[in-house]
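The file upload-v7.tsv contains TSV, C-alpha atoms:
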```tsv
chain	number	residue	atom	x	y	z
J	30	MET	CA	-111.41	-74.76	-81.50
J	31	SER	CA	-110.84	-75.81	-77.91
J	32	SER	CA	-108.41	-78.53	-79.00
J	33	GLY	CA	-105.72	-75.97	-79.76
J	34	MET	CA	-103.81	-74.46	-82.66
J	35	SER	CA	-101.59	-75.67	-85.52
J	36	VAL	CA	-98.57	-77.99	-85.45
J	37	ILE	CA	-96.09	-75.11	-85.70
J	38	VAL	CA	-97.46	-73.40	-82.59
J	39	ARG	CA	-97.48	-76.69	-80.66
J	40	THR	CA	-93.86	-77.52	-81.55
J	41	VAL	CA	-92.58	-74.06	-80.62
J	42	THR	CA	-94.56	-74.24	-77.37
J	43	ARG	CA	-92.92	-77.58	-76.47
J	44	PHE	CA	-89.48	-75.99	-76.94
J	45	THR	CA	-90.06	-72.70	-75.12
J	46	TYR	CA	-92.46	-73.70	-72.30
J	47	ALA	CA	-89.79	-74.87	-69.82
J	48	LEU	CA	-87.41	-72.03	-70.75
J	49	ILE	CA	-90.02	-69.35	-70.00
J	50	ILE	CA	-90.87	-70.98	-66.65
J	51	VAL	CA	-87.19	-71.17	-65.64
J	52	PHE	CA	-86.67	-67.51	-66.61
J	53	GLY	CA	-89.71	-66.49	-64.56
J	54	PHE	CA	-88.43	-68.33	-61.49
J	55	TYR	CA	-85.02	-66.67	-62.02
J	56	VAL	CA	-86.66	-63.23	-62.06
J	57	ILE	CA	-88.54	-64.02	-58.82
J	58	MET	CA	-85.48	-65.52	-57.11
J	59	HIS	CA	-83.15	-62.61	-57.92
J	60	GLY	CA	-85.83	-59.98	-57.36
J	61	HIS	CA	-83.86	-58.14	-54.68
J	62	LEU	CA	-80.61	-58.09	-56.72
J	63	THR	CA	-81.48	-57.54	-60.40
J	64	PRO	CA	-84.40	-55.77	-62.13
J	65	GLY	CA	-87.61	-57.68	-61.65
J	66	GLY	CA	-89.42	-58.98	-58.63
J	67	GLY	CA	-92.36	-61.05	-57.55
J	68	PHE	CA	-95.00	-59.43	-59.73
J	69	GLN	CA	-92.89	-59.42	-62.89
J	70	GLY	CA	-91.63	-63.00	-62.47
J	71	GLY	CA	-95.11	-64.26	-61.67
J	72	ALA	CA	-96.42	-62.59	-64.81
J	73	VAL	CA	-93.69	-64.27	-66.90
J	74	VAL	CA	-94.53	-67.74	-65.48
J	75	ALA	CA	-98.24	-67.07	-66.02
J	76	SER	CA	-97.50	-66.12	-69.63
J	77	ALA	CA	-95.93	-69.58	-70.08
J	78	PHE	CA	-99.17	-71.13	-68.76
J	79	ALA	CA	-101.15	-68.87	-71.12
J	80	LEU	CA	-99.00	-70.01	-74.05
J	81	ALA	CA	-99.67	-73.68	-73.20
J	82	LEU	CA	-103.40	-73.03	-72.80
J	83	VAL	CA	-103.72	-71.18	-76.12
J	84	ALA	CA	-101.59	-73.69	-78.04
J	85	PHE	CA	-102.99	-76.95	-76.66
J	86	GLY	CA	-106.43	-76.02	-75.31
J	87	THR	CA	-107.84	-77.62	-72.21
J	88	ALA	CA	-107.85	-81.08	-73.81
J	89	GLY	CA	-104.09	-81.12	-74.35
J	90	LEU	CA	-103.27	-80.21	-70.77
J	91	LYS	CA	-104.64	-83.52	-69.41
J	92	GLY	CA	-105.29	-82.01	-65.99
J	93	ALA	CA	-101.67	-80.93	-65.47
J	94	LEU	CA	-102.88	-77.54	-64.23
J	95	ASN	CA	-105.47	-78.24	-61.55
J	96	ARG	CA	-107.76	-75.23	-61.12
J	97	HIS	CA	-108.64	-75.89	-57.46
J	98	LEU	CA	-104.98	-76.44	-56.52
J	99	LEU	CA	-104.07	-73.13	-58.23
J	100	GLN	CA	-106.78	-71.23	-56.35
J	101	SER	CA	-105.63	-72.72	-53.04
J	102	LEU	CA	-102.02	-71.77	-53.81
J	103	GLU	CA	-103.09	-68.20	-54.58
J	104	GLU	CA	-104.61	-67.86	-51.13
J	105	VAL	CA	-101.48	-69.43	-49.61
J	106	GLY	CA	-99.39	-66.72	-51.33
J	107	ALA	CA	-101.69	-63.92	-50.18
J	108	LEU	CA	-101.70	-65.16	-46.59
J	109	ALA	CA	-97.90	-65.57	-46.58
J	110	PHE	CA	-97.50	-61.98	-47.81
J	111	LEU	CA	-99.90	-60.69	-45.14
J	112	GLY	CA	-98.22	-62.79	-42.45
J	113	LEU	CA	-94.78	-61.42	-43.38
J	114	ALA	CA	-96.24	-57.92	-43.20
J	115	PHE	CA	-97.69	-58.62	-39.74
J	116	ALA	CA	-94.38	-60.16	-38.55
J	117	GLY	CA	-92.91	-56.69	-38.11
J	118	VAL	CA	-95.96	-55.15	-36.48
J	119	GLY	CA	-94.07	-54.85	-33.18
J	120	THR	CA	-92.26	-51.86	-34.70
J	121	ALA	CA	-94.42	-50.92	-37.68
J	122	PHE	CA	-96.60	-52.60	-40.30
J	123	PHE	CA	-94.29	-53.94	-43.07
J	124	TYR	CA	-91.20	-53.47	-40.87
J	125	ASN	CA	-88.26	-55.53	-42.16
J	126	ILE	CA	-87.41	-57.68	-39.13
J	127	LEU	CA	-84.78	-59.87	-40.83
J	128	ALA	CA	-82.57	-57.16	-42.41
J	129	ASN	CA	-79.20	-56.70	-40.65
J	130	SER	CA	-80.19	-59.25	-38.00
J	131	GLY	CA	-77.41	-61.76	-38.79
J	132	SER	CA	-79.84	-64.67	-39.23
J	133	VAL	CA	-80.79	-66.50	-42.43
J	134	PHE	CA	-81.52	-63.58	-44.75
J	135	GLY	CA	-79.83	-60.94	-42.61
J	136	GLY	CA	-76.33	-60.75	-44.08
J	137	SER	CA	-74.67	-57.39	-44.52
J	138	ASP	CA	-73.53	-57.92	-48.13
J	139	PRO	CA	-76.14	-56.33	-50.43
J	140	ALA	CA	-74.94	-58.34	-53.45
J	141	ALA	CA	-75.38	-61.80	-51.86
J	142	LEU	CA	-78.35	-63.98	-52.74
J	143	ALA	CA	-79.28	-64.51	-49.07
J	144	SER	CA	-79.72	-60.83	-48.23
J	145	GLY	CA	-82.50	-58.32	-48.06
J	146	GLY	CA	-84.32	-59.53	-44.96
J	147	VAL	CA	-87.93	-60.42	-45.75
J	148	LEU	CA	-87.66	-59.14	-49.33
J	149	PRO	CA	-86.93	-62.57	-50.96
J	150	LEU	CA	-89.71	-64.20	-48.96
J	151	MET	CA	-92.17	-61.49	-49.99
J	152	ASN	CA	-90.98	-61.87	-53.59
J	153	TRP	CA	-91.77	-65.59	-53.49
J	154	ALA	CA	-95.15	-64.98	-51.84
J	155	VAL	CA	-96.25	-62.34	-54.35
J	156	GLY	CA	-94.81	-64.35	-57.26
J	157	LEU	CA	-96.77	-67.44	-56.21
J	158	LYS	CA	-99.90	-65.34	-55.83
J	159	VAL	CA	-99.59	-63.64	-59.22
J	160	MET	CA	-98.68	-66.74	-61.24
J	161	THR	CA	-101.44	-68.93	-59.78
J	162	GLY	CA	-104.04	-66.13	-59.83
J	163	ILE	CA	-103.56	-65.25	-63.49
J	164	ALA	CA	-103.30	-68.93	-64.48
J	165	SER	CA	-106.59	-69.71	-62.72
J	166	ILE	CA	-108.27	-66.74	-64.47
J	167	LEU	CA	-107.10	-68.07	-67.86
J	168	ILE	CA	-108.19	-71.65	-67.09
J	169	ILE	CA	-111.63	-70.49	-65.95
J	170	MET	CA	-112.06	-68.45	-69.15
J	171	VAL	CA	-111.03	-71.36	-71.41
J	172	ILE	CA	-113.32	-73.81	-69.57
J	173	GLY	CA	-116.23	-71.38	-69.80
J	174	ALA	CA	-115.61	-70.94	-73.53
J	175	ARG	CA	-115.62	-74.72	-74.06
J	176	LYS	CA	-118.84	-75.20	-72.07
J	177	GLU	CA	-120.66	-72.57	-74.13
J	178	ALA	CA	-119.38	-74.03	-77.39
J	179	THR	CA	-120.70	-77.53	-76.66
J	180	GLU	CA	-124.14	-76.44	-75.50
P	8	MET	CA	-76.47	-39.83	-77.04
P	9	ILE	CA	-77.59	-38.91	-80.56
P	10	ALA	CA	-78.00	-42.60	-81.46
P	11	GLU	CA	-80.20	-43.10	-78.39
P	12	THR	CA	-82.37	-40.14	-79.42
P	13	ILE	CA	-82.78	-41.53	-82.94
P	14	LEU	CA	-83.69	-44.96	-81.51
P	15	GLN	CA	-86.31	-43.38	-79.23
P	16	ILE	CA	-87.86	-41.44	-82.11
P	17	VAL	CA	-88.03	-44.62	-84.26
P	18	THR	CA	-89.57	-46.59	-81.36
P	19	LEU	CA	-92.21	-43.95	-80.64
P	20	THR	CA	-93.13	-43.72	-84.33
P	21	LEU	CA	-93.54	-47.50	-84.51
P	22	ILE	CA	-95.69	-47.43	-81.35
P	23	ILE	CA	-98.04	-44.90	-83.01
P	24	CYS	CA	-98.13	-47.05	-86.19
P	25	GLY	CA	-99.04	-50.15	-84.15
P	26	ALA	CA	-101.77	-48.29	-82.25
P	27	VAL	CA	-103.32	-46.92	-85.46
P	28	LEU	CA	-103.20	-50.41	-87.03
P	29	ALA	CA	-104.87	-51.92	-83.92
P	30	VAL	CA	-107.74	-49.45	-84.27
P	31	THR	CA	-108.23	-49.55	-88.04
P	32	LEU	CA	-107.76	-53.24	-88.94
P	33	ARG	CA	-110.98	-55.12	-89.76
P	34	ASP	CA	-109.61	-58.59	-88.90
P	35	LEU	CA	-109.72	-58.68	-85.11
P	36	LEU	CA	-106.94	-61.29	-84.76
P	37	SER	CA	-104.58	-59.03	-86.76
P	38	SER	CA	-105.69	-56.14	-84.57
P	39	VAL	CA	-104.75	-58.09	-81.43
P	40	ILE	CA	-101.34	-58.92	-82.91
P	41	ALA	CA	-100.79	-55.23	-83.74
P	42	LEU	CA	-101.69	-54.33	-80.14
P	43	ALA	CA	-99.18	-56.90	-78.85
P	44	ALA	CA	-96.47	-55.44	-81.11
P	45	ALA	CA	-97.23	-51.92	-79.86
P	46	SER	CA	-97.05	-53.18	-76.28
P	47	LEU	CA	-93.68	-54.85	-76.90
P	48	LEU	CA	-92.38	-51.57	-78.36
P	49	VAL	CA	-93.66	-49.73	-75.27
P	50	SER	CA	-91.61	-52.21	-73.24
P	51	LEU	CA	-88.54	-51.38	-75.35
P	52	GLU	CA	-89.19	-47.68	-74.76
P	53	PHE	CA	-89.34	-48.26	-70.99
P	54	TYR	CA	-85.98	-50.04	-71.23
P	55	LEU	CA	-84.50	-47.12	-73.17
P	56	LEU	CA	-85.73	-44.76	-70.43
P	57	GLN	CA	-83.79	-46.89	-67.87
P	58	ALA	CA	-86.77	-48.53	-66.16
P	59	PRO	CA	-86.11	-52.28	-66.61
P	60	ASP	CA	-88.57	-53.28	-63.85
P	61	VAL	CA	-91.48	-51.68	-65.68
P	62	ALA	CA	-90.16	-53.08	-68.98
P	63	ILE	CA	-90.34	-56.67	-67.68
P	64	ALA	CA	-93.83	-56.10	-66.27
P	65	GLU	CA	-95.03	-54.53	-69.53
P	66	ALA	CA	-93.58	-57.35	-71.65
P	67	GLY	CA	-95.17	-60.00	-69.44
P	68	ILE	CA	-98.59	-58.42	-68.90
P	69	GLY	CA	-99.11	-56.34	-72.03
P	70	ALA	CA	-97.50	-58.44	-74.72
P	71	ALA	CA	-98.23	-61.97	-73.48
P	72	LEU	CA	-101.18	-62.18	-71.09
P	73	THR	CA	-103.39	-59.55	-72.73
P	74	THR	CA	-102.88	-61.20	-76.13
P	75	ALA	CA	-103.77	-64.62	-74.70
P	76	ILE	CA	-106.92	-63.27	-73.03
P	77	TYR	CA	-107.99	-61.51	-76.26
P	78	ILE	CA	-107.42	-64.70	-78.31
P	79	ILE	CA	-109.48	-66.73	-75.81
P	80	ALA	CA	-112.23	-64.11	-76.03
P	81	LEU	CA	-112.05	-64.12	-79.85
P	82	ARG	CA	-112.78	-67.87	-79.87
P	83	ARG	CA	-116.16	-67.20	-78.28
P	84	THR	CA	-117.09	-64.43	-80.72
P	85	ARG	CA	-116.64	-63.57	-84.40
P	86	ARG	CA	-113.24	-62.97	-85.95
P	87	LYS	CA	-114.32	-60.31	-88.45
P	88	GLU	CA	-115.58	-56.93	-87.37
P	89	GLN	CA	-119.04	-56.04	-88.66
P	90	GLN	CA	-119.53	-53.00	-90.89
O	16	MET	CA	-123.38	-29.08	-84.33
O	17	LYS	CA	-121.94	-32.43	-83.35
O	18	LYS	CA	-118.94	-31.95	-85.64
O	19	ALA	CA	-118.31	-28.46	-84.21
O	20	LEU	CA	-118.34	-29.91	-80.69
O	21	THR	CA	-115.87	-32.60	-81.74
O	22	VAL	CA	-113.50	-30.03	-83.27
O	23	ALA	CA	-113.78	-27.81	-80.18
O	24	ALA	CA	-112.97	-30.70	-77.82
O	25	PHE	CA	-110.05	-31.74	-80.04
O	26	LEU	CA	-108.62	-28.21	-80.05
O	27	LEU	CA	-109.04	-27.90	-76.27
O	28	VAL	CA	-107.19	-31.16	-75.56
O	29	ALA	CA	-104.51	-30.28	-78.14
O	30	ALA	CA	-103.99	-26.88	-76.50
O	31	PHE	CA	-103.57	-28.50	-73.08
O	32	LEU	CA	-101.05	-30.99	-74.54
O	33	VAL	CA	-99.04	-28.23	-76.23
O	34	VAL	CA	-98.95	-26.17	-73.00
O	35	ALA	CA	-97.85	-29.25	-71.03
O	36	ALA	CA	-95.15	-30.08	-73.58
O	37	THR	CA	-93.72	-26.55	-73.60
O	38	THR	CA	-93.55	-26.26	-69.79
O	39	MET	CA	-92.24	-29.79	-69.16
O	40	ARG	CA	-89.24	-30.20	-66.87
O	41	PRO	CA	-86.08	-31.76	-68.37
O	42	PHE	CA	-85.96	-35.55	-68.12
O	43	GLY	CA	-84.47	-36.94	-64.91
O	44	GLU	CA	-84.60	-33.69	-62.88
O	45	PRO	CA	-87.61	-33.77	-60.54
O	46	SER	CA	-88.45	-30.64	-58.58
O	47	HIS	CA	-88.50	-32.46	-55.23
O	48	SER	CA	-85.77	-35.11	-54.94
O	49	GLU	CA	-85.36	-35.49	-51.16
O	50	MET	CA	-87.03	-38.93	-50.93
O	51	ASP	CA	-85.17	-40.22	-54.02
O	52	ASP	CA	-81.82	-39.23	-52.56
O	53	TYR	CA	-82.74	-40.83	-49.21
O	54	PHE	CA	-83.65	-44.13	-50.89
O	55	LEU	CA	-80.53	-44.17	-53.07
O	56	VAL	CA	-78.19	-43.39	-50.15
O	57	ASN	CA	-79.70	-45.55	-47.40
O	58	CYS	CA	-81.15	-48.54	-49.27
O	59	GLN	CA	-78.04	-50.72	-49.19
O	60	THR	CA	-77.51	-50.23	-45.45
O	61	GLU	CA	-81.09	-50.26	-44.10
O	62	VAL	CA	-82.62	-52.91	-46.36
O	63	VAL	CA	-79.64	-54.97	-47.49
O	64	ALA	CA	-80.71	-55.19	-51.15
O	65	ASN	CA	-79.24	-53.94	-54.40
O	66	ASN	CA	-82.55	-53.47	-56.24
O	67	VAL	CA	-83.87	-50.17	-54.92
O	68	VAL	CA	-87.21	-50.54	-56.71
O	69	THR	CA	-87.99	-53.83	-54.95
O	70	ALA	CA	-86.87	-52.34	-51.64
O	71	VAL	CA	-89.27	-49.41	-52.10
O	72	VAL	CA	-92.13	-51.61	-53.30
O	73	PHE	CA	-91.91	-54.29	-50.61
O	74	ASP	CA	-90.42	-52.43	-47.64
O	75	TYR	CA	-90.74	-48.64	-47.65
O	76	ARG	CA	-94.08	-48.57	-49.46
O	77	GLY	CA	-95.37	-52.05	-48.63
O	78	PHE	CA	-98.93	-50.88	-48.08
O	79	ASP	CA	-99.29	-50.09	-51.81
O	80	THR	CA	-98.26	-53.64	-52.67
O	81	LEU	CA	-100.89	-54.93	-50.25
O	82	GLY	CA	-103.50	-52.94	-52.19
O	83	GLU	CA	-102.21	-54.35	-55.49
O	84	ALA	CA	-102.47	-57.89	-54.13
O	85	THR	CA	-106.04	-57.15	-53.01
O	86	VAL	CA	-106.90	-55.88	-56.51
O	87	LEU	CA	-105.58	-59.11	-58.07
O	88	PHE	CA	-107.54	-61.21	-55.57
O	89	ALA	CA	-110.70	-59.23	-56.37
O	90	ALA	CA	-110.09	-59.82	-60.11
O	91	VAL	CA	-109.78	-63.59	-59.58
O	92	VAL	CA	-112.95	-63.67	-57.45
O	93	GLY	CA	-114.81	-61.60	-60.05
O	94	VAL	CA	-113.84	-63.89	-62.93
O	95	LEU	CA	-114.81	-66.92	-60.79
O	96	ALA	CA	-118.24	-65.42	-60.12
O	97	LEU	CA	-118.74	-64.50	-63.77
O	98	PHE	CA	-117.70	-67.84	-65.32
O	99	ARG	CA	-119.00	-70.22	-62.64
O	100	THR	CA	-120.44	-73.52	-63.83
O	101	VAL	CA	-124.04	-73.99	-62.74
O	102	ARG	CA	-124.85	-77.61	-61.92
O	103	GLU	CA	-128.02	-79.26	-63.21
O	104	ASP	CA	-129.75	-79.56	-59.83
O	105	GLU	CA	-129.28	-75.85	-59.08
O	106	ARG	CA	-130.85	-74.71	-62.30
```

Represent the structure from my file as C-alpha cells, please.
Amino acid sequence: MSSGMSVIVRTVTRFTYALIIVFGFYVIMHGHLTPGGGFQGGAVVASAFALALVAFGTAGLKGALNRHLLQSLEEVGALAFLGLAFAGVGTAFFYNILANSGSVFGGSDPAALASGGVLPLMNWAVGLKVMTGIASILIIMVIGARKEATE
Amino acid sequence: MIAETILQIVTLTLIICGAVLAVTLRDLLSSVIALAAASLLVSLEFYLLQAPDVAIAEAGIGAALTTAIYIIALRRTRRKEQQ
Amino acid sequence: MKKALTVAAFLLVAAFLVVAATTMRPFGEPSHSEMDDYFLVNCQTEVVANNVVTAVVFDYRGFDTLGEATVLFAAVVGVLALFRTVREDER
C-alpha cells in the first residue's frame, strides 16, 4: 500500500502538482492585496505535497521532500515571524515599522505589490512555516505507517 | 438577491446530506469522501457569505489536508467499519 | 430511563437553538461596529494594504497570529514525539 495508488491518480497528480504549488505561492505573494494570506497559501502548497504523498507513497518521492530540511525550514519561518514582530518593539510589539516609511515595502499606494510594510514579509514567514510544518507532519505519518506495515 | 437565497438554501441542504452520509456510511473511505464534499460545500457557503479568506482556508485545510490525513490513517487500519 | 434522558437533552438543546434563531440579529449588522469602521476607514492609510483581513491578522491583532503559529509548532512537535523511530540500540 505504501507504493501509492492507481495509474489514473498518478497521471492526474503529475498534471496538477505544479499548478497547485504555483497557485499557493501566488496566494502567499499577493496576501496583502487579494483574499488569502500566509496561512491559506501555505495550506494550499501543503495540500499539493499531501496529494503527491498519497498518490505516489514514500517510495515514489525518491527523497525529493527531505524531512529534516522541512523541519529546519519550519523553525526558520517561525523565527523570522518572531523577529519581524520584535523589530517594532521600540514602539510596540508587532508595530509595523516599514509602512509609510518610503523604503522597500513602504510605498504609499495600497494597490502596489511592494506595499504593506512588514505584511508581505510576515506572509512569507508564516507561509513557509505552515507549508513545511504540515508537510513534515504528513511525511512522518506516512513513514510511521510504512515502518509498522513491514514489521 | 432571491437567486442568492435559493443557492444558499441548496448549499446548506447539501452540507447536511454530506454530513449525514459521512456518519451513516459503513465503508470508511466513502465516509471520508463524503466529509470532504461537505467541507468543500462549507467553503462555497463561506464564499457566498462574502468571506473569501475563510473559504480558501477551509478548502485547503478541510477538503484537502484532512482527507489526506484520514486516507493515510485508513491505510494503517481496516477499511470497513465493524458491526 | 436512558431514552428519557436522551429525549430531554435533545429537547433542551432544540429549545435553546429555537430561541437563538428567533432572537438573531439581521446578517451584517453587528451591535457594536466601532472597531470595524475604524479598520475599514484607516487601513489603507496606516497599514498600506488593500486586504483588511490580512492587515488585522498580521498587524492590529498580531499577537493572535503568534499564538496560532505556536499551536502549529506544538502540533508538529507532538506528531514527531508520537511517530518517532526508535533505533535498535535504544530498545

Restrict the calculation to all atoms listed in the file, then for each residue of chain J with any atom at most 8 Å from an atom of chain P give the closest atom pair and their distance in Å to one decimal, rows by chain and rising residue number, as CSV.
```
residue,atom,partner,partner_atom,distance
J:Met30,CA,P:Arg82,CA,7.2
J:Pro64,CA,P:Asp60,CA,5.2
J:Gly65,CA,P:Asp60,CA,5.0
J:Gly66,CA,P:Asp60,CA,7.8
J:Phe68,CA,P:Ala64,CA,7.4
J:Gln69,CA,P:Ala64,CA,4.8
J:Ala72,CA,P:Gly67,CA,5.5
J:Val73,CA,P:Gly67,CA,5.2
J:Ala75,CA,P:Leu72,CA,7.6
J:Ser76,CA,P:Leu72,CA,5.6
J:Ala79,CA,P:Ala75,CA,6.1
J:Leu80,CA,P:Ala75,CA,7.2
J:Val83,CA,P:Ala75,CA,6.7
J:Leu167,CA,P:Ile76,CA,7.1
J:Met170,CA,P:Ile79,CA,7.3
J:Val171,CA,P:Ile79,CA,6.6
J:Ala174,CA,P:Arg83,CA,6.1
J:Ala178,CA,P:Arg83,CA,7.6
```

Return as a Markdown table the residues of chain O lying at most 12 Å from chain J, together with the closest atom-to-atom pair for each and the distance in Å to one decimal, counting all atoms listed in the file, with rows in chain order and ascending residue number.
```
| residue | atom | partner | partner_atom | distance |
| --- | --- | --- | --- | --- |
| O:Asn57 | CA | J:Pro139 | CA | 11.8 |
| O:Cys58 | CA | J:Pro139 | CA | 9.3 |
| O:Gln59 | CA | J:Pro139 | CA | 6.1 |
| O:Thr60 | CA | J:Ser137 | CA | 7.8 |
| O:Glu61 | CA | J:Ala128 | CA | 7.3 |
| O:Val62 | CA | J:Gly145 | CA | 5.7 |
| O:Val63 | CA | J:Gly145 | CA | 4.4 |
| O:Ala64 | CA | J:Gly145 | CA | 4.7 |
| O:Asn65 | CA | J:Leu62 | CA | 4.9 |
| O:Asn66 | CA | J:Leu62 | CA | 5.0 |
| O:Val67 | CA | J:His61 | CA | 8.0 |
| O:Val68 | CA | J:Pro64 | CA | 8.0 |
| O:Thr69 | CA | J:His61 | CA | 6.0 |
| O:Ala70 | CA | J:His61 | CA | 7.2 |
| O:Val71 | CA | J:Leu148 | CA | 10.2 |
| O:Val72 | CA | J:Gly66 | CA | 9.5 |
| O:Phe73 | CA | J:Leu148 | CA | 6.6 |
| O:Asp74 | CA | J:Phe123 | CA | 6.2 |
| O:Tyr75 | CA | J:Phe123 | CA | 7.9 |
| O:Arg76 | CA | J:Phe123 | CA | 8.3 |
| O:Gly77 | CA | J:Phe123 | CA | 6.0 |
| O:Phe78 | CA | J:Phe123 | CA | 7.5 |
| O:Asp79 | CA | J:Phe123 | CA | 10.8 |
| O:Thr80 | CA | J:Val155 | CA | 9.1 |
| O:Leu81 | CA | J:Leu111 | CA | 7.8 |
| O:Gly82 | CA | J:Leu111 | CA | 11.1 |
| O:Glu83 | CA | J:Phe68 | CA | 9.8 |
| O:Ala84 | CA | J:Ala107 | CA | 7.3 |
| O:Thr85 | CA | J:Ala107 | CA | 8.5 |
| O:Val86 | CA | J:Val159 | CA | 11.0 |
| O:Leu87 | CA | J:Gly162 | CA | 7.4 |
| O:Phe88 | CA | J:Gly162 | CA | 7.4 |
| O:Ala89 | CA | J:Gly162 | CA | 10.2 |
| O:Ala90 | CA | J:Ile166 | CA | 8.4 |
| O:Val91 | CA | J:Ile166 | CA | 6.0 |
| O:Val92 | CA | J:Ile166 | CA | 9.0 |
| O:Gly93 | CA | J:Ile166 | CA | 9.4 |
| O:Val94 | CA | J:Ile166 | CA | 6.4 |
| O:Leu95 | CA | J:Ile169 | CA | 7.0 |
| O:Ala96 | CA | J:Ile169 | CA | 10.2 |
| O:Leu97 | CA | J:Met170 | CA | 9.4 |
| O:Phe98 | CA | J:Gly173 | CA | 5.9 |
| O:Arg99 | CA | J:Gly173 | CA | 7.8 |
| O:Thr100 | CA | J:Gly173 | CA | 7.6 |
| O:Val101 | CA | J:Lys176 | CA | 10.7 |
```

Pick from P:Ser50, P:Ser38, P:Thr18, P:Gln57 nearest to chain O, counting all atoms listed in the file: P:Gln57

Which of O:His47, O:Thr21, O:Phe54, O:Phe42 sits closest to chain P [using all atoms listed in the file]: O:Phe42

Computed interatomic separation between CA of Tyr46 in chain J and CA of Thr87 in chain J (Å):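 Going from CA of Tyr46 in chain J over to CA of Thr87 in chain J covers 15.9 Å.
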
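Reported to one decimal place, the separation of CA of Ser46 in chain O from CA of Leu48 in chain P is 29.1 Å.
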
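Take CA of Ala77 in chain J and CA of Val39 in chain P: the distance between them is 18.4 Å.
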
Nearest to chain P by atom-to-atom distance, counting only C-alpha atoms, from O:Gly43, O:Ala23, O:Ala36, O:Met16: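 The answer is O:Gly43, which sits nearest to chain P.
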
Spatial neighbours of Leu19 in chain P, 12 Å, all atoms listed in the file, chain gap at least 6 places, as a PyMOL selection string: chain P and resi 12-13+25-26+45-53+55

For range 69-78 of chain P, take all atoms listed in the file, fit an axis-aligned box around them, add 8 Å to each of the six sides, then output centre and edge lengths in Å rounded to one decimal, as AutoDock Vina command-line options.
```
--center_x -102.7 --center_y -60.5 --center_z -74.7 --size_x 26.5 --size_y 24.4 --size_z 23.2
```

Selection near Arg86 in chain P, 7 Å with all atoms listed in the file, sequence-local residues under 3 positions removed, as a list in words: Asp34, Leu35, Leu36 and Leu81 of chain P

Nearest residue to chain O from the set P:Ala43, P:Ile22, P:Leu56, P:Arg85 (distances using all atoms listed in the file):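 Distance minimum relative to chain O lands on P:Leu56.
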
Could range 46-57 of chain P be written out with N, CA, C and O atoms, as a PDB file, in the first residue's frame, please?
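Output below, filename selection.pdb:
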```pdb
ATOM      1  N   SER P  46     -17.144  19.469   3.358  1.00  0.00           N
ATOM      2  CA  SER P  46     -16.220  20.553   3.678  1.00  0.00           C
ATOM      3  C   SER P  46     -16.068  21.521   2.507  1.00  0.00           C
ATOM      4  O   SER P  46     -16.005  22.747   2.700  1.00  0.00           O
ATOM      5  N   LEU P  47     -16.051  20.975   1.283  1.00  0.00           N
ATOM      6  CA  LEU P  47     -15.966  21.842   0.104  1.00  0.00           C
ATOM      7  C   LEU P  47     -17.219  22.701  -0.034  1.00  0.00           C
ATOM      8  O   LEU P  47     -17.148  23.882  -0.428  1.00  0.00           O
ATOM      9  N   LEU P  48     -18.388  22.111   0.329  1.00  0.00           N
ATOM     10  CA  LEU P  48     -19.629  22.892   0.270  1.00  0.00           C
ATOM     11  C   LEU P  48     -19.657  23.955   1.364  1.00  0.00           C
ATOM     12  O   LEU P  48     -20.214  25.051   1.159  1.00  0.00           O
ATOM     13  N   VAL P  49     -19.048  23.669   2.525  1.00  0.00           N
ATOM     14  CA  VAL P  49     -18.920  24.698   3.564  1.00  0.00           C
ATOM     15  C   VAL P  49     -18.066  25.852   3.052  1.00  0.00           C
ATOM     16  O   VAL P  49     -18.354  27.030   3.293  1.00  0.00           O
ATOM     17  N   SER P  50     -17.008  25.501   2.289  1.00  0.00           N
ATOM     18  CA  SER P  50     -16.173  26.541   1.686  1.00  0.00           C
ATOM     19  C   SER P  50     -16.969  27.402   0.712  1.00  0.00           C
ATOM     20  O   SER P  50     -16.835  28.635   0.694  1.00  0.00           O
ATOM     21  N   LEU P  51     -17.834  26.758  -0.090  1.00  0.00           N
ATOM     22  CA  LEU P  51     -18.692  27.520  -1.014  1.00  0.00           C
ATOM     23  C   LEU P  51     -19.646  28.429  -0.243  1.00  0.00           C
ATOM     24  O   LEU P  51     -19.904  29.574  -0.647  1.00  0.00           O
ATOM     25  N   GLU P  52     -20.146  27.945   0.894  1.00  0.00           N
ATOM     26  CA  GLU P  52     -21.055  28.751   1.702  1.00  0.00           C
ATOM     27  C   GLU P  52     -20.338  29.965   2.290  1.00  0.00           C
ATOM     28  O   GLU P  52     -20.895  31.071   2.318  1.00  0.00           O
ATOM     29  N   PHE P  53     -19.068  29.762   2.721  1.00  0.00           N
ATOM     30  CA  PHE P  53     -18.283  30.912   3.194  1.00  0.00           C
ATOM     31  C   PHE P  53     -18.101  31.940   2.079  1.00  0.00           C
ATOM     32  O   PHE P  53     -18.146  33.147   2.313  1.00  0.00           O
ATOM     33  N   TYR P  54     -17.881  31.455   0.855  1.00  0.00           N
ATOM     34  CA  TYR P  54     -17.708  32.390  -0.264  1.00  0.00           C
ATOM     35  C   TYR P  54     -18.996  33.147  -0.544  1.00  0.00           C
ATOM     36  O   TYR P  54     -18.973  34.333  -0.858  1.00  0.00           O
ATOM     37  N   LEU P  55     -20.148  32.459  -0.407  1.00  0.00           N
ATOM     38  CA  LEU P  55     -21.422  33.137  -0.626  1.00  0.00           C
ATOM     39  C   LEU P  55     -21.690  34.171   0.454  1.00  0.00           C
ATOM     40  O   LEU P  55     -22.365  35.177   0.210  1.00  0.00           O
ATOM     41  N   LEU P  56     -21.169  33.941   1.668  1.00  0.00           N
ATOM     42  CA  LEU P  56     -21.337  34.916   2.744  1.00  0.00           C
ATOM     43  C   LEU P  56     -20.249  35.978   2.721  1.00  0.00           C
ATOM     44  O   LEU P  56     -20.047  36.669   3.712  1.00  0.00           O
ATOM     45  N   GLN P  57     -19.516  36.114   1.610  1.00  0.00           N
ATOM     46  CA  GLN P  57     -18.516  37.158   1.371  1.00  0.00           C
ATOM     47  C   GLN P  57     -17.368  37.087   2.369  1.00  0.00           C
ATOM     48  O   GLN P  57     -16.960  38.083   2.944  1.00  0.00           O
TER      49      GLN P  57
END
```
